[in-house]
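Undergrad: Encoded as structure tokens, here's the structure I'll be asking about.
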Amino acid sequence: TNRSASAIGKGCTRLETLSLEGALGVTDAGLGMVCNHTKLDLLNITGCSISRKSLMAVVLALGYVREASGFFGFVIRDSDAKVAALNIQEMSTDKEKQNQAAHCIQGGWDKKRHTIHLMQSAKEFREQEAAVKIQTALLNCKSRRRFNEIGHIRTAALCTGCI
């Protein structure tokens, strides 16, 4: 079944030869599960519920195998082709990992810049708020001083008028 094919693929990653001949429960999905996790040189899927289209897609994806002539499946083209294909896959995997790391790093920097911007905005807001409070306090202080000065002038005027 596909579940068995998946278990084989995930549990036997170093598997190079596999015959699923007559396994009617293995479908295109099972083929994908086996081939995604292993580096097979030979696969016999005669009698499985797998389409030729799926088989050819796997052959093209692996790059180092060809369709078998004696059975339904594939065989290795030659060992040099496998080494070359695996090196290309490894290089593209490394590039993929580097790109993912670069995106993570860039995302981290973008997040850090955004956080810094928010912190600066909050700091500027607090500073502006403090400046407004200081200005209000000074205006109140000047107003009181002026009020007191006027009060003193008025008191002085009243006192001089009384004499």
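All residue names refer to the structure tokens as shown: chains lettered A, B, ... in order, residues numbered from 1 in each chain, ligands numbered from 1 in order.
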For Gly73 of chain A, please output as a PyMOL selection string all residues within 7 Å (counting only C-alpha atoms; exclusion window: fewer than 2 positions along the same chain).
TA: chain A and resi 43-46+55+67-68+71
Undergrad: Output N, CA and C atoms for every residue in the selection just made, as a CSV table (one decimal), in the first residue's frame.
TA:
chain,number,residue,atom,x,y,z
A,43,LEU,N,14.2,0.3,-9.7
A,43,LEU,CA,12.9,0.2,-9.2
A,43,LEU,C,12.0,-0.6,-10.1
A,44,ASN,N,11.4,-1.7,-9.6
A,44,ASN,CA,10.5,-2.5,-10.4
A,44,ASN,C,9.1,-2.3,-9.8
A,45,ILE,N,8.3,-1.7,-10.6
A,45,ILE,CA,6.9,-1.5,-10.2
A,45,ILE,C,5.9,-2.2,-11.1
A,46,THR,N,6.3,-3.3,-11.7
A,46,THR,CA,5.4,-4.1,-12.6
A,46,THR,C,4.2,-4.6,-11.7
A,55,LEU,N,5.8,7.4,-13.7
A,55,LEU,CA,7.1,6.8,-13.8
A,55,LEU,C,8.1,7.7,-14.5
A,67,GLU,N,14.2,4.6,-18.2
A,67,GLU,CA,13.1,3.6,-18.1
A,67,GLU,C,13.7,2.2,-18.4
A,68,ALA,N,13.3,1.2,-17.6
A,68,ALA,CA,13.8,-0.1,-17.8
A,68,ALA,C,13.1,-0.8,-19.1
A,71,PHE,N,11.2,-4.7,-17.6
A,71,PHE,CA,10.1,-4.6,-16.6
A,71,PHE,C,9.6,-3.1,-16.5
Undergrad: Excluding Gly30 of chain A and any residue of its chain fewer than 6 positions from it, enumerate the residues within 8 Å of it, using only C-alpha atoms, and give them as a ChimeraX atom specification.
TA: /A:1-3,5-6
Undergrad: Write out as a PyMOL selection string each polymer residue whose atoms come within 10 Å of Cys12 of chain A, counting only C-alpha atoms; drop sequence neighbours fewer than 2 positions from it.
TA: chain A and resi 6-10+14-16+34+37-39
Undergrad: Please write the residues from the selection above to a file, keeping C-alpha atoms, as a PDB file, in the first residue's frame.
TA:
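This is the output file part31.pdb:
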ATOM      1  CA  SER A   6       5.980   5.730   2.582  1.00  0.00           C
ATOM      2  CA  ALA A   7       7.452   3.731   5.478  1.00  0.00           C
ATOM      3  CA  ILE A   8      10.024   2.167   3.135  1.00  0.00           C
ATOM      4  CA  GLY A   9      10.982   5.573   1.727  1.00  0.00           C
ATOM      5  CA  LYS A  10      11.317   7.279   5.107  1.00  0.00           C
ATOM      6  CA  ARG A  14      20.012   4.569   1.663  1.00  0.00           C
ATOM      7  CA  LEU A  15      18.010   2.025  -0.319  1.00  0.00           C
ATOM      8  CA  GLU A  16      19.309   1.597  -3.880  1.00  0.00           C
ATOM      9  CA  VAL A  34       9.471   6.185  -2.064  1.00  0.00           C
ATOM     10  CA  HIS A  37      13.320   9.894   0.353  1.00  0.00           C
ATOM     11  CA  THR A  38      15.666   7.426  -1.387  1.00  0.00           C
ATOM     12  CA  LYS A  39      18.325   7.497  -4.098  1.00  0.00           C
TER      13      LYS A  39
END
Undergrad: Between A:Thr13, A:Thr136, A:Ser49, A:Ser54, which is the closest to Val26 of chain A once you count only C-alpha atoms?
TA: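 Looking at the shortest contact to Val26 of chain A, the residue is A:Ser49.
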Undergrad: Using DSSP on the backbone coordinates, identify all residues within segment 13-44 of chain A classified as strand (DSSP E or B); present the result as a ChimeraX atom specification.
TA: /A:17-19,27,42-44
Undergrad: Excluding Ala61 of chain A and residues on its chain fewer than 3 positions from it, collect all residues at most 10 Å away from it, counting only C-alpha atoms, and give them as a PyMOL selection string.
TA: chain A and resi 35-36+55-58+64-65+85
Undergrad: Go ahead and compute the interatomic distance for atom CA of Leu31 of chain A and atom CA of Gly70 of chain A, in Å to one decimal.
TA: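 Calculated distance between atom CA of Leu31 of chain A and atom CA of Gly70 of chain A is 19.0 Å.
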